[in-house]
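Q: Before I ask anything, here is the structure I am working with.
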Amino acid sequence: MRTIGLIGGLSWESTVIYYQIINQRVRERLGGSHSANSLIWSVDYTTVEDLIFADRWDEVSTLLTDAGGKLADLGAGLLLICSNTFSRVSDDVERAVSVPVLHIADAVGAEVHARGMRKVGLLGTRFTMEQPFYRDRLAAHGFDVVVPRREQRDLVHRVIFDELVRGVIRESSRDAYARIIEDLADDGAEGVILGCTEIELLISDKDSAIPVLPSARLHAEAAAGFALAG
(Lines give C-alpha, C1' and ligand atoms only; values in the text may rest on other atoms or scores of the structure.)
Protein backbone atom coordinates (compact mmCIF):
# COMPACT_ATOMS: atom_id res chain seq x y z
CA MET A 1 0.00 0.00 0.00
CA ARG A 2 1.39 3.41 -0.95
CA THR A 3 1.45 6.06 1.75
CA ILE A 4 -0.88 8.98 0.96
CA GLY A 5 0.35 12.48 1.74
CA LEU A 6 -2.39 15.04 2.36
CA ILE A 7 -1.70 18.76 2.16
CA GLY A 8 -4.60 19.79 4.36
CA GLY A 9 -5.95 22.55 6.52
CA LEU A 10 -7.47 24.16 3.41
CA SER A 11 -9.62 24.20 5.56
CA TRP A 12 -9.34 21.52 8.25
CA GLU A 13 -13.14 21.27 8.24
CA SER A 14 -12.97 19.46 4.91
CA THR A 15 -9.63 17.72 5.53
CA VAL A 16 -11.60 15.61 8.00
CA ILE A 17 -13.66 14.31 5.06
CA TYR A 18 -10.49 13.13 3.31
CA TYR A 19 -9.17 11.27 6.33
CA GLN A 20 -12.52 9.59 6.94
CA ILE A 21 -13.23 8.55 3.34
CA ILE A 22 -9.71 7.28 2.62
CA ASN A 23 -9.73 5.07 5.70
CA GLN A 24 -13.27 3.83 5.04
CA ARG A 25 -12.39 2.81 1.50
CA VAL A 26 -9.23 1.00 2.58
CA ARG A 27 -11.15 -0.92 5.24
CA GLU A 28 -13.86 -1.83 2.73
CA ARG A 29 -11.25 -3.18 0.31
CA LEU A 30 -8.99 -4.98 2.79
CA GLY A 31 -11.48 -5.84 5.52
CA GLY A 32 -10.99 -6.24 9.25
CA SER A 33 -9.49 -3.24 11.00
CA HIS A 34 -7.30 -2.10 8.11
CA SER A 35 -6.71 1.61 7.59
CA ALA A 36 -4.62 3.71 5.24
CA ASN A 37 -0.96 4.55 5.53
CA SER A 38 -1.22 8.34 5.48
CA LEU A 39 0.49 11.57 6.43
CA ILE A 40 -1.17 14.97 6.86
CA TRP A 41 0.57 18.33 6.67
CA SER A 42 -2.05 20.80 7.88
CA VAL A 43 -1.38 24.48 7.28
CA ASP A 44 -2.75 27.47 9.19
CA TYR A 45 -5.71 28.43 7.03
CA THR A 46 -5.71 32.12 7.90
CA THR A 47 -2.18 32.40 6.50
CA VAL A 48 -3.10 31.04 3.08
CA GLU A 49 -6.49 32.74 3.00
CA ASP A 50 -4.82 36.12 3.46
CA LEU A 51 -2.39 35.31 0.65
CA ILE A 52 -5.03 34.39 -1.93
CA PHE A 53 -7.11 37.48 -1.21
CA ALA A 54 -3.96 39.58 -1.65
CA ASP A 55 -3.29 37.75 -4.97
CA ARG A 56 0.05 36.49 -3.63
CA TRP A 57 -0.15 33.11 -5.31
CA ASP A 58 3.63 32.77 -5.61
CA GLU A 59 3.81 32.64 -1.82
CA VAL A 60 1.00 30.10 -1.72
CA SER A 61 2.95 28.00 -4.19
CA THR A 62 6.08 28.20 -2.05
CA LEU A 63 4.19 27.24 1.11
CA LEU A 64 2.39 24.26 -0.39
CA THR A 65 5.43 23.10 -2.35
CA ASP A 66 7.39 23.09 0.90
CA ALA A 67 4.62 21.05 2.55
CA GLY A 68 4.60 18.58 -0.34
CA GLY A 69 8.36 18.18 -0.20
CA LYS A 70 8.24 17.42 3.51
CA LEU A 71 5.53 14.80 3.00
CA ALA A 72 7.52 13.16 0.21
CA ASP A 73 10.63 13.15 2.40
CA LEU A 74 8.62 11.44 5.13
CA GLY A 75 7.65 8.64 2.74
CA ALA A 76 4.48 9.72 0.95
CA GLY A 77 4.14 7.98 -2.41
CA LEU A 78 1.24 10.15 -3.56
CA LEU A 79 0.27 13.74 -2.75
CA LEU A 80 -3.12 15.46 -2.65
CA ILE A 81 -3.83 19.14 -2.24
CA CYS A 82 -7.07 18.86 -0.28
CA SER A 83 -8.75 21.81 -1.96
CA ASN A 84 -10.16 22.95 -5.28
CA THR A 85 -9.08 26.58 -4.99
CA PHE A 86 -5.53 25.76 -3.94
CA SER A 87 -5.16 23.25 -6.78
CA ARG A 88 -4.21 26.36 -8.74
CA VAL A 89 -0.63 25.64 -7.61
CA SER A 90 -0.83 21.86 -8.11
CA ASP A 91 1.48 21.91 -11.13
CA ASP A 92 4.09 23.84 -9.13
CA VAL A 93 3.99 21.23 -6.37
CA GLU A 94 4.23 18.37 -8.85
CA ARG A 95 7.28 19.89 -10.55
CA ALA A 96 9.03 20.21 -7.21
CA VAL A 97 8.54 16.67 -5.87
CA SER A 98 9.44 13.21 -7.10
CA VAL A 99 6.04 11.61 -6.42
CA PRO A 100 2.75 12.02 -8.30
CA VAL A 101 0.22 14.67 -7.31
CA LEU A 102 -3.39 13.60 -7.81
CA HIS A 103 -5.30 16.66 -9.07
CA ILE A 104 -8.78 17.11 -7.63
CA ALA A 105 -10.24 18.24 -10.96
CA ASP A 106 -9.05 15.02 -12.61
CA ALA A 107 -10.80 12.92 -9.96
CA VAL A 108 -14.01 14.89 -10.52
CA GLY A 109 -13.63 14.92 -14.29
CA ALA A 110 -13.20 11.15 -14.41
CA GLU A 111 -16.45 10.70 -12.47
CA VAL A 112 -18.39 13.08 -14.73
CA HIS A 113 -17.05 11.24 -17.79
CA ALA A 114 -17.91 7.85 -16.28
CA ARG A 115 -21.50 8.98 -15.72
CA GLY A 116 -21.79 10.14 -19.32
CA MET A 117 -22.73 13.70 -18.38
CA ARG A 118 -22.28 16.26 -21.14
CA LYS A 119 -22.92 19.45 -19.16
CA VAL A 120 -22.43 20.08 -15.45
CA GLY A 121 -22.74 23.02 -13.10
CA LEU A 122 -19.90 24.19 -10.89
CA LEU A 123 -20.11 25.73 -7.43
CA GLY A 124 -17.02 26.93 -5.59
CA THR A 125 -15.07 30.00 -4.61
CA ARG A 126 -14.89 32.86 -7.09
CA PHE A 127 -11.34 31.73 -7.86
CA THR A 128 -12.57 28.28 -8.87
CA MET A 129 -15.69 29.37 -10.73
CA GLU A 130 -14.18 32.31 -12.61
CA GLN A 131 -10.51 31.53 -13.26
CA PRO A 132 -9.43 29.08 -15.98
CA PHE A 133 -7.09 26.84 -13.95
CA TYR A 134 -9.95 24.63 -12.74
CA ARG A 135 -12.59 24.94 -15.43
CA ASP A 136 -10.11 24.23 -18.22
CA ARG A 137 -8.85 21.13 -16.44
CA LEU A 138 -12.42 19.86 -16.13
CA ALA A 139 -13.26 20.68 -19.76
CA ALA A 140 -10.29 18.57 -20.88
CA HIS A 141 -12.32 15.54 -19.78
CA GLY A 142 -14.84 16.23 -22.53
CA PHE A 143 -17.87 18.03 -21.08
CA ASP A 144 -19.20 21.56 -20.73
CA VAL A 145 -19.04 23.47 -17.44
CA VAL A 146 -21.52 26.19 -16.47
CA VAL A 147 -21.42 28.49 -13.45
CA PRO A 148 -24.09 30.57 -11.71
CA ARG A 149 -24.85 34.20 -12.49
CA ARG A 150 -22.55 36.86 -11.01
CA GLU A 151 -24.72 37.69 -7.99
CA GLN A 152 -25.16 33.98 -7.29
CA ARG A 153 -21.42 33.42 -7.52
CA ASP A 154 -20.94 36.19 -4.97
CA LEU A 155 -23.34 34.46 -2.57
CA VAL A 156 -21.71 31.05 -3.01
CA HIS A 157 -18.28 32.58 -2.40
CA ARG A 158 -19.40 34.53 0.67
CA VAL A 159 -20.99 31.52 2.33
CA ILE A 160 -17.81 29.50 1.86
CA PHE A 161 -15.50 32.04 3.49
CA ASP A 162 -17.84 33.55 6.07
CA GLU A 163 -19.49 30.32 7.18
CA LEU A 164 -18.31 26.95 5.92
CA VAL A 165 -14.56 27.23 6.51
CA ARG A 166 -15.46 28.28 10.07
CA GLY A 167 -17.73 25.29 10.62
CA VAL A 168 -20.93 27.36 10.46
CA ILE A 169 -23.87 25.58 8.78
CA ARG A 170 -27.04 27.63 8.14
CA GLU A 171 -30.32 26.39 6.71
CA SER A 172 -30.80 29.70 4.91
CA SER A 173 -27.53 29.13 3.05
CA ARG A 174 -28.52 25.56 2.19
CA ASP A 175 -31.79 26.84 0.74
CA ALA A 176 -29.98 29.52 -1.25
CA TYR A 177 -27.56 26.98 -2.69
CA ALA A 178 -30.46 24.68 -3.58
CA ARG A 179 -32.13 27.48 -5.55
CA ILE A 180 -28.90 28.20 -7.40
CA ILE A 181 -28.58 24.51 -8.30
CA GLU A 182 -32.15 24.57 -9.64
CA ASP A 183 -31.16 27.45 -11.92
CA LEU A 184 -28.14 25.48 -13.16
CA ALA A 185 -30.44 22.55 -13.90
CA ASP A 186 -32.72 24.88 -15.85
CA ASP A 187 -29.63 25.90 -17.82
CA GLY A 188 -29.14 22.27 -18.86
CA ALA A 189 -26.75 21.01 -16.19
CA GLU A 190 -27.10 17.25 -15.65
CA GLY A 191 -25.19 17.35 -12.37
CA VAL A 192 -23.46 19.86 -10.12
CA ILE A 193 -19.84 19.76 -8.99
CA LEU A 194 -19.40 20.77 -5.37
CA GLY A 195 -16.16 22.44 -6.37
CA CYS A 196 -15.24 23.63 -2.92
CA THR A 197 -14.54 20.84 -0.47
CA GLU A 198 -16.44 22.62 2.32
CA ILE A 199 -19.68 22.68 0.31
CA GLU A 200 -20.05 18.98 1.12
CA LEU A 201 -20.68 20.03 4.72
CA LEU A 202 -23.78 21.89 3.51
CA ILE A 203 -25.18 20.17 0.41
CA SER A 204 -25.93 16.53 -0.39
CA ASP A 205 -28.04 14.79 -3.02
CA LYS A 206 -31.21 15.29 -0.98
CA ASP A 207 -30.78 19.07 -1.23
CA SER A 208 -30.23 19.14 -4.98
CA ALA A 209 -32.46 19.00 -8.03
CA ILE A 210 -29.70 17.16 -9.92
CA PRO A 211 -26.99 14.67 -8.86
CA VAL A 212 -24.16 16.20 -6.86
CA LEU A 213 -20.51 15.46 -7.55
CA PRO A 214 -18.69 15.92 -4.21
CA SER A 215 -15.11 16.85 -5.04
CA ALA A 216 -13.49 15.98 -1.69
CA ARG A 217 -15.13 12.57 -1.55
CA LEU A 218 -14.22 11.76 -5.17
CA HIS A 219 -10.64 12.95 -4.64
CA ALA A 220 -10.28 10.86 -1.48
CA GLU A 221 -11.74 7.76 -3.13
CA ALA A 222 -9.36 8.12 -6.07
CA ALA A 223 -6.44 8.43 -3.66
CA ALA A 224 -7.46 5.27 -1.80
CA GLY A 225 -7.70 3.38 -5.08
CA PHE A 226 -4.28 4.62 -6.18
CA ALA A 227 -2.70 3.69 -2.86
CA LEU A 228 -4.15 0.19 -2.90
CA ALA A 229 -3.12 -0.36 -6.50
CA GLY A 230 0.48 -0.06 -5.29
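To be explicit about the labels: the chains of the C-alpha coordinates are called A, B, and onward in the order shown, and within each one the residues are counted from 1, while ligands get numbers from 1 in the order they are shown.
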With only C-alpha atoms as the counted atoms, please give the residues lying no more than 9 Å from region 83-86 of chain A, apart from itself and same-chain residues fewer than 3 positions off, as a tab-separated table (two decimals) with N, CA and C atoms, in the first residue's frame.
A:
chain	number	residue	atom	x	y	z
A	7	ILE	N	-1.96	17.36	1.83
A	7	ILE	CA	-1.70	18.76	2.16
A	7	ILE	C	-3.05	19.33	2.55
A	8	GLY	N	-3.28	19.45	3.85
A	8	GLY	CA	-4.60	19.79	4.36
A	8	GLY	C	-4.63	21.11	5.09
A	9	GLY	N	-5.73	21.29	5.82
A	9	GLY	CA	-5.95	22.55	6.52
A	9	GLY	C	-6.50	23.63	5.61
A	10	LEU	N	-7.05	23.20	4.46
A	10	LEU	CA	-7.47	24.16	3.41
A	10	LEU	C	-8.98	24.12	3.15
A	11	SER	N	-9.83	24.07	4.14
A	11	SER	CA	-9.62	24.20	5.56
A	11	SER	C	-9.63	22.82	6.24
A	14	SER	N	-12.79	20.43	5.98
A	14	SER	CA	-12.97	19.46	4.91
A	14	SER	C	-11.85	18.42	4.86
A	15	THR	N	-10.69	18.73	5.46
A	15	THR	CA	-9.63	17.72	5.53
A	15	THR	C	-10.12	16.50	6.29
A	52	ILE	N	-4.26	34.46	-0.68
A	52	ILE	CA	-5.03	34.39	-1.93
A	52	ILE	C	-5.86	35.66	-2.14
A	60	VAL	N	1.79	31.32	-1.94
A	60	VAL	CA	1.00	30.10	-1.72
A	60	VAL	C	1.72	28.90	-2.31
A	61	SER	N	2.22	29.07	-3.52
A	61	SER	CA	2.95	28.00	-4.19
A	61	SER	C	4.15	27.56	-3.37
A	64	LEU	N	2.92	25.60	-0.15
A	64	LEU	CA	2.39	24.26	-0.39
A	64	LEU	C	3.43	23.34	-1.02
A	80	LEU	N	-1.85	14.80	-2.32
A	80	LEU	CA	-3.12	15.46	-2.65
A	80	LEU	C	-3.12	16.84	-2.03
A	89	VAL	N	-2.09	25.79	-7.65
A	89	VAL	CA	-0.63	25.64	-7.61
A	89	VAL	C	-0.21	24.17	-7.67
A	90	SER	N	-1.13	23.30	-8.07
A	90	SER	CA	-0.83	21.86	-8.11
A	90	SER	C	0.34	21.55	-9.03
A	103	HIS	N	-4.56	15.39	-8.95
A	103	HIS	CA	-5.30	16.66	-9.07
A	103	HIS	C	-6.78	16.42	-8.81
A	104	ILE	N	-7.38	17.28	-8.00
A	104	ILE	CA	-8.78	17.11	-7.63
A	104	ILE	C	-9.71	17.21	-8.83
A	105	ALA	N	-9.39	18.09	-9.78
A	105	ALA	CA	-10.24	18.24	-10.96
A	105	ALA	C	-10.22	16.99	-11.83
A	124	GLY	N	-18.30	26.86	-6.28
A	124	GLY	CA	-17.02	26.93	-5.59
A	124	GLY	C	-16.72	28.37	-5.21
A	125	THR	N	-15.48	28.62	-4.86
A	125	THR	CA	-15.07	30.00	-4.61
A	125	THR	C	-15.06	30.76	-5.93
A	126	ARG	N	-15.00	32.08	-5.86
A	126	ARG	CA	-14.89	32.86	-7.09
A	126	ARG	C	-13.65	32.45	-7.88
A	127	PHE	N	-12.56	32.15	-7.18
A	127	PHE	CA	-11.34	31.73	-7.86
A	127	PHE	C	-11.60	30.50	-8.74
A	128	THR	N	-12.31	29.54	-8.17
A	128	THR	CA	-12.57	28.28	-8.87
A	128	THR	C	-13.59	28.45	-9.99
A	134	TYR	N	-9.11	25.77	-13.14
A	134	TYR	CA	-9.95	24.63	-12.74
A	134	TYR	C	-10.92	24.24	-13.84
A	195	GLY	N	-17.55	22.14	-6.06
A	195	GLY	CA	-16.16	22.44	-6.37
A	195	GLY	C	-15.46	23.25	-5.30
A	196	CYS	N	-15.95	23.18	-4.11
A	196	CYS	CA	-15.24	23.63	-2.92
A	196	CYS	C	-15.46	22.53	-1.90
A	197	THR	N	-14.39	22.02	-1.31
A	197	THR	CA	-14.54	20.84	-0.47
A	197	THR	C	-15.47	21.07	0.71
A	198	GLU	N	-15.55	22.33	1.18
A	198	GLU	CA	-16.44	22.62	2.32
A	198	GLU	C	-17.92	22.56	1.96
A	215	SER	N	-16.51	16.89	-4.63
A	215	SER	CA	-15.11	16.85	-5.04
A	215	SER	C	-14.19	16.21	-3.99
A	216	ALA	N	-14.37	16.55	-2.72
A	216	ALA	CA	-13.49	15.98	-1.69
A	216	ALA	C	-13.64	14.47	-1.62
Q: Do a neighbour search on Arg25 (chain A) at 9 Å with only C-alpha atoms, toss out local chain neighbours closer than 3 positions, and write the hits as number ranges by chain.
A: A: 20-22, 28-30, 35-36, 220-221, 224-225
Q: One number please: CA of Leu71 (chain A) to CA of Glu13 (chain A), in Å, one decimal.
A: 20.4 Å
Q: To one decimal place, how far is CA of Ile210 (chain A) from CA of Leu164 (chain A) in Å?
A: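 CA of Ile210 (chain A) sits 21.8 Å away from CA of Leu164 (chain A).
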Q: Write out as a list in words which residues come within 9 Å of Leu6 (chain A) when counting only C-alpha atoms, dropping same-chain ones fewer than 5 positions away.
A: Thr15, Tyr18, Tyr19, Ser38, Leu39, Ile40, Trp41, Ser42, Gly68, Leu71, Ala76, Leu78, Leu79, Leu80, Ile81 and Cys82 of chain A
Q: Keeping N, CA, C and O atoms for every residue in the selection just given, could you write it to a file as an mmCIF file, in the first residue's frame?
A:
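result00.cif, written as the output of this step:
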data_model
loop_
_atom_site.group_PDB
_atom_site.id
_atom_site.type_symbol
_atom_site.label_atom_id
_atom_site.label_comp_id
_atom_site.auth_asym_id
_atom_site.auth_seq_id
_atom_site.Cartn_x
_atom_site.Cartn_y
_atom_site.Cartn_z
ATOM 1 N N THR A 15 -10.689 18.727 5.457
ATOM 2 C CA THR A 15 -9.628 17.719 5.526
ATOM 3 C C THR A 15 -10.116 16.496 6.295
ATOM 4 O O THR A 15 -9.709 15.366 6.021
ATOM 5 N N TYR A 18 -11.523 13.936 3.975
ATOM 6 C CA TYR A 18 -10.489 13.132 3.310
ATOM 7 C C TYR A 18 -10.039 11.982 4.203
ATOM 8 O O TYR A 18 -9.973 10.822 3.757
ATOM 9 N N TYR A 19 -9.692 12.297 5.432
ATOM 10 C CA TYR A 19 -9.171 11.269 6.333
ATOM 11 C C TYR A 19 -10.205 10.165 6.548
ATOM 12 O O TYR A 19 -9.878 8.970 6.521
ATOM 13 N N SER A 38 -1.031 6.956 5.921
ATOM 14 C CA SER A 38 -1.216 8.336 5.481
ATOM 15 C C SER A 38 -0.450 9.313 6.353
ATOM 16 O O SER A 38 -0.139 9.030 7.515
ATOM 17 N N LEU A 39 -0.145 10.452 5.743
ATOM 18 C CA LEU A 39 0.494 11.569 6.428
ATOM 19 C C LEU A 39 -0.295 12.821 6.107
ATOM 20 O O LEU A 39 -0.763 12.990 4.982
ATOM 21 N N ILE A 40 -0.459 13.707 7.077
ATOM 22 C CA ILE A 40 -1.170 14.973 6.861
ATOM 23 C C ILE A 40 -0.258 16.120 7.267
ATOM 24 O O ILE A 40 0.276 16.135 8.387
ATOM 25 N N TRP A 41 -0.078 17.075 6.341
ATOM 26 C CA TRP A 41 0.568 18.329 6.675
ATOM 27 C C TRP A 41 -0.522 19.391 6.639
ATOM 28 O O TRP A 41 -1.018 19.744 5.573
ATOM 29 N N SER A 42 -0.922 19.873 7.791
ATOM 30 C CA SER A 42 -2.046 20.795 7.879
ATOM 31 C C SER A 42 -1.540 22.214 8.113
ATOM 32 O O SER A 42 -0.859 22.475 9.106
ATOM 33 N N GLY A 68 4.526 19.794 0.460
ATOM 34 C CA GLY A 68 4.595 18.580 -0.343
ATOM 35 C C GLY A 68 5.957 17.910 -0.279
ATOM 36 O O GLY A 68 6.060 16.681 -0.200
ATOM 37 N N LEU A 71 6.291 16.055 3.008
ATOM 38 C CA LEU A 71 5.528 14.800 3.004
ATOM 39 C C LEU A 71 6.247 13.726 2.189
ATOM 40 O O LEU A 71 6.301 12.557 2.597
ATOM 41 N N ALA A 76 5.706 9.731 1.744
ATOM 42 C CA ALA A 76 4.479 9.724 0.947
ATOM 43 C C ALA A 76 4.793 9.316 -0.489
ATOM 44 O O ALA A 76 5.741 9.808 -1.095
ATOM 45 N N LEU A 78 2.273 9.452 -2.808
ATOM 46 C CA LEU A 78 1.236 10.155 -3.562
ATOM 47 C C LEU A 78 0.848 11.379 -2.757
ATOM 48 O O LEU A 78 0.724 11.307 -1.538
ATOM 49 N N LEU A 79 0.663 12.516 -3.435
ATOM 50 C CA LEU A 79 0.266 13.739 -2.747
ATOM 51 C C LEU A 79 -1.088 14.215 -3.236
ATOM 52 O O LEU A 79 -1.423 14.067 -4.417
ATOM 53 N N LEU A 80 -1.852 14.800 -2.320
ATOM 54 C CA LEU A 80 -3.120 15.459 -2.651
ATOM 55 C C LEU A 80 -3.117 16.845 -2.026
ATOM 56 O O LEU A 80 -2.762 16.991 -0.848
ATOM 57 N N ILE A 81 -3.489 17.846 -2.797
ATOM 58 C CA ILE A 81 -3.827 19.144 -2.236
ATOM 59 C C ILE A 81 -5.318 19.083 -1.942
ATOM 60 O O ILE A 81 -6.127 18.977 -2.864
ATOM 61 N N CYS A 82 -5.683 19.118 -0.673
ATOM 62 C CA CYS A 82 -7.066 18.862 -0.275
ATOM 63 C C CYS A 82 -7.922 20.114 -0.438
ATOM 64 O O CYS A 82 -8.510 20.632 0.526
#
Q: Here is a test: counting only C-alpha atoms, which residue of A:Arg27, A:Val145, A:Trp57, A:Ile181 is nearest to Ser204 (chain A)?
A: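 Under the stated criterion, the closest residue is A:Ile181.
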Q: Leaving out Gly191 (chain A) and any residue of its chain fewer than 3 positions from it, which residues lie within 12 Å of it when counting only C-alpha atoms, given as a PyMOL selection string?
A: chain A and resi 108-109+111-113+115-123+143-147+181-188+194-195+205+208-214
Q: Please, could you write that set of residues out with N, CA and C atoms as a tab-separated table (two decimals), in the first residue's frame?
A:
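Output below, filename selection.tsv:
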chain	number	residue	atom	x	y	z
A	108	VAL	N	-12.63	14.50	-10.22
A	108	VAL	CA	-14.01	14.89	-10.52
A	108	VAL	C	-14.32	14.66	-11.99
A	109	GLY	N	-13.41	15.08	-12.86
A	109	GLY	CA	-13.63	14.92	-14.29
A	109	GLY	C	-13.81	13.47	-14.71
A	111	GLU	N	-15.12	11.13	-12.91
A	111	GLU	CA	-16.45	10.70	-12.47
A	111	GLU	C	-17.53	11.24	-13.40
A	112	VAL	N	-17.41	12.50	-13.80
A	112	VAL	CA	-18.39	13.08	-14.73
A	112	VAL	C	-18.37	12.29	-16.04
A	113	HIS	N	-17.19	12.01	-16.53
A	113	HIS	CA	-17.05	11.24	-17.79
A	113	HIS	C	-17.66	9.85	-17.64
A	115	ARG	N	-20.04	8.90	-15.78
A	115	ARG	CA	-21.50	8.98	-15.72
A	115	ARG	C	-22.11	9.41	-17.05
A	116	GLY	N	-21.29	9.75	-18.00
A	116	GLY	CA	-21.79	10.14	-19.32
A	116	GLY	C	-22.45	11.50	-19.36
A	117	MET	N	-22.15	12.35	-18.41
A	117	MET	CA	-22.73	13.70	-18.38
A	117	MET	C	-22.04	14.59	-19.41
A	118	ARG	N	-22.83	15.39	-20.09
A	118	ARG	CA	-22.28	16.26	-21.14
A	118	ARG	C	-22.19	17.73	-20.71
A	119	LYS	N	-22.92	18.07	-19.64
A	119	LYS	CA	-22.92	19.45	-19.16
A	119	LYS	C	-23.17	19.42	-17.66
A	120	VAL	N	-22.29	20.08	-16.91
A	120	VAL	CA	-22.43	20.08	-15.45
A	120	VAL	C	-22.27	21.51	-14.92
A	121	GLY	N	-22.91	21.76	-13.79
A	121	GLY	CA	-22.74	23.02	-13.10
A	121	GLY	C	-21.55	22.95	-12.15
A	122	LEU	N	-21.05	24.11	-11.79
A	122	LEU	CA	-19.90	24.19	-10.89
A	122	LEU	C	-20.16	25.24	-9.82
A	123	LEU	N	-20.07	24.83	-8.57
A	123	LEU	CA	-20.11	25.73	-7.43
A	123	LEU	C	-18.75	25.72	-6.75
A	143	PHE	N	-16.50	17.57	-21.36
A	143	PHE	CA	-17.87	18.03	-21.08
A	143	PHE	C	-17.86	19.54	-20.86
A	144	ASP	N	-19.05	20.12	-20.92
A	144	ASP	CA	-19.20	21.56	-20.73
A	144	ASP	C	-19.42	21.88	-19.25
A	145	VAL	N	-18.90	23.02	-18.82
A	145	VAL	CA	-19.04	23.47	-17.44
A	145	VAL	C	-19.74	24.82	-17.42
A	146	VAL	N	-20.80	24.93	-16.61
A	146	VAL	CA	-21.52	26.19	-16.47
A	146	VAL	C	-21.47	26.63	-15.01
A	147	VAL	N	-21.46	27.94	-14.80
A	147	VAL	CA	-21.42	28.49	-13.45
A	147	VAL	C	-22.63	29.40	-13.24
A	181	ILE	N	-28.71	25.78	-7.58
A	181	ILE	CA	-28.58	24.51	-8.30
A	181	ILE	C	-29.77	24.30	-9.23
A	182	GLU	N	-30.96	24.67	-8.78
A	182	GLU	CA	-32.15	24.57	-9.64
A	182	GLU	C	-31.97	25.41	-10.91
A	183	ASP	N	-31.40	26.59	-10.75
A	183	ASP	CA	-31.16	27.45	-11.92
A	183	ASP	C	-30.14	26.81	-12.87
A	184	LEU	N	-29.11	26.18	-12.32
A	184	LEU	CA	-28.14	25.48	-13.16
A	184	LEU	C	-28.80	24.33	-13.92
A	185	ALA	N	-29.71	23.63	-13.24
A	185	ALA	CA	-30.44	22.55	-13.90
A	185	ALA	C	-31.29	23.10	-15.04
A	186	ASP	N	-31.92	24.24	-14.80
A	186	ASP	CA	-32.72	24.88	-15.85
A	186	ASP	C	-31.86	25.28	-17.04
A	187	ASP	N	-30.57	25.53	-16.77
A	187	ASP	CA	-29.63	25.90	-17.82
A	187	ASP	C	-29.06	24.68	-18.54
A	188	GLY	N	-29.55	23.50	-18.17
A	188	GLY	CA	-29.14	22.27	-18.86
A	188	GLY	C	-28.12	21.42	-18.14
A	194	LEU	N	-19.64	20.02	-6.60
A	194	LEU	CA	-19.40	20.77	-5.37
A	194	LEU	C	-17.91	21.07	-5.35
A	195	GLY	N	-17.55	22.14	-6.06
A	195	GLY	CA	-16.16	22.44	-6.37
A	195	GLY	C	-15.46	23.25	-5.30
A	205	ASP	N	-27.08	15.09	-1.95
A	205	ASP	CA	-28.04	14.79	-3.02
A	205	ASP	C	-29.47	15.17	-2.65
A	208	SER	N	-30.51	18.70	-3.62
A	208	SER	CA	-30.23	19.14	-4.98
A	208	SER	C	-31.23	18.59	-5.98
A	209	ALA	N	-31.55	19.42	-6.96
A	209	ALA	CA	-32.46	19.00	-8.03
A	209	ALA	C	-31.79	18.05	-9.02
A	210	ILE	N	-30.48	18.01	-9.02
A	210	ILE	CA	-29.70	17.16	-9.92
A	210	ILE	C	-28.61	16.46	-9.10
A	211	PRO	N	-28.02	15.38	-9.63
A	211	PRO	CA	-26.99	14.67	-8.86
A	211	PRO	C	-25.82	15.58	-8.50
A	212	VAL	N	-25.32	15.43	-7.28
A	212	VAL	CA	-24.16	16.20	-6.86
A	212	VAL	C	-22.89	15.37	-7.06
A	213	LEU	N	-21.82	16.07	-7.36
A	213	LEU	CA	-20.51	15.46	-7.55
A	213	LEU	C	-19.59	16.06	-6.49
A	214	PRO	N	-19.43	15.37	-5.35
A	214	PRO	CA	-18.69	15.92	-4.21
A	214	PRO	C	-17.18	15.78	-4.41
Q: Which is closer to Ile193 (chain A) than all the others in A:Asp92, A:Met129, A:Gly77, A:Ser173, using only C-alpha atoms?
A: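 Going through A:Asp92, A:Met129, A:Gly77, A:Ser173 one by one, the smallest distance to Ile193 (chain A) is for A:Met129.
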Q: Could you give me the residues within region 18-99 of chain A that DSSP places in strand (DSSP E), as a PyMOL selection string?
A: chain A and resi 38-42+78-81
Q: What would the file look like if the residues just selected were written as a tab-separated table (two decimals), in the first residue's frame with all heavy atoms?
A:
chain	number	residue	atom	x	y	z
A	38	SER	N	-1.03	6.96	5.92
A	38	SER	CA	-1.22	8.34	5.48
A	38	SER	C	-0.45	9.31	6.35
A	38	SER	O	-0.14	9.03	7.51
A	38	SER	CB	-2.70	8.72	5.47
A	38	SER	OG	-3.25	8.65	6.77
A	39	LEU	N	-0.15	10.45	5.74
A	39	LEU	CA	0.49	11.57	6.43
A	39	LEU	C	-0.29	12.82	6.11
A	39	LEU	O	-0.76	12.99	4.98
A	39	LEU	CB	1.93	11.75	5.93
A	39	LEU	CG	2.91	10.59	6.14
A	39	LEU	CD1	4.13	10.76	5.23
A	39	LEU	CD2	3.33	10.52	7.60
A	40	ILE	N	-0.46	13.71	7.08
A	40	ILE	CA	-1.17	14.97	6.86
A	40	ILE	C	-0.26	16.12	7.27
A	40	ILE	O	0.28	16.13	8.39
A	40	ILE	CB	-2.48	15.05	7.66
A	40	ILE	CG1	-3.43	13.91	7.28
A	40	ILE	CG2	-3.17	16.41	7.44
A	40	ILE	CD1	-4.70	13.87	8.12
A	41	TRP	N	-0.08	17.08	6.34
A	41	TRP	CA	0.57	18.33	6.67
A	41	TRP	C	-0.52	19.39	6.64
A	41	TRP	O	-1.02	19.74	5.57
A	41	TRP	CB	1.68	18.67	5.69
A	41	TRP	CG	2.52	19.81	6.19
A	41	TRP	CD1	2.26	21.14	6.09
A	41	TRP	CD2	3.73	19.70	6.93
A	41	TRP	NE1	3.23	21.88	6.70
A	41	TRP	CE2	4.16	21.02	7.24
A	41	TRP	CE3	4.51	18.63	7.36
A	41	TRP	CZ2	5.32	21.28	7.95
A	41	TRP	CZ3	5.67	18.88	8.07
A	41	TRP	CH2	6.06	20.20	8.36
A	42	SER	N	-0.92	19.87	7.79
A	42	SER	CA	-2.05	20.80	7.88
A	42	SER	C	-1.54	22.21	8.11
A	42	SER	O	-0.86	22.47	9.11
A	42	SER	CB	-2.98	20.37	9.02
A	42	SER	OG	-4.18	21.10	9.01
A	78	LEU	N	2.27	9.45	-2.81
A	78	LEU	CA	1.24	10.15	-3.56
A	78	LEU	C	0.85	11.38	-2.76
A	78	LEU	O	0.72	11.31	-1.54
A	78	LEU	CB	0.01	9.25	-3.75
A	78	LEU	CG	-1.27	9.90	-4.27
A	78	LEU	CD1	-1.11	10.28	-5.74
A	78	LEU	CD2	-2.47	8.97	-4.10
A	79	LEU	N	0.66	12.52	-3.43
A	79	LEU	CA	0.27	13.74	-2.75
A	79	LEU	C	-1.09	14.22	-3.24
A	79	LEU	O	-1.42	14.07	-4.42
A	79	LEU	CB	1.29	14.86	-2.98
A	79	LEU	CG	2.71	14.64	-2.45
A	79	LEU	CD1	3.56	15.87	-2.77
A	79	LEU	CD2	2.71	14.37	-0.95
A	80	LEU	N	-1.85	14.80	-2.32
A	80	LEU	CA	-3.12	15.46	-2.65
A	80	LEU	C	-3.12	16.84	-2.03
A	80	LEU	O	-2.76	16.99	-0.85
A	80	LEU	CB	-4.32	14.69	-2.09
A	80	LEU	CG	-4.84	13.46	-2.82
A	80	LEU	CD1	-3.87	12.29	-2.65
A	80	LEU	CD2	-6.20	13.07	-2.27
A	81	ILE	N	-3.49	17.85	-2.80
A	81	ILE	CA	-3.83	19.14	-2.24
A	81	ILE	C	-5.32	19.08	-1.94
A	81	ILE	O	-6.13	18.98	-2.86
A	81	ILE	CB	-3.49	20.29	-3.20
A	81	ILE	CG1	-1.98	20.33	-3.47
A	81	ILE	CG2	-3.97	21.63	-2.64
A	81	ILE	CD1	-1.57	21.35	-4.52
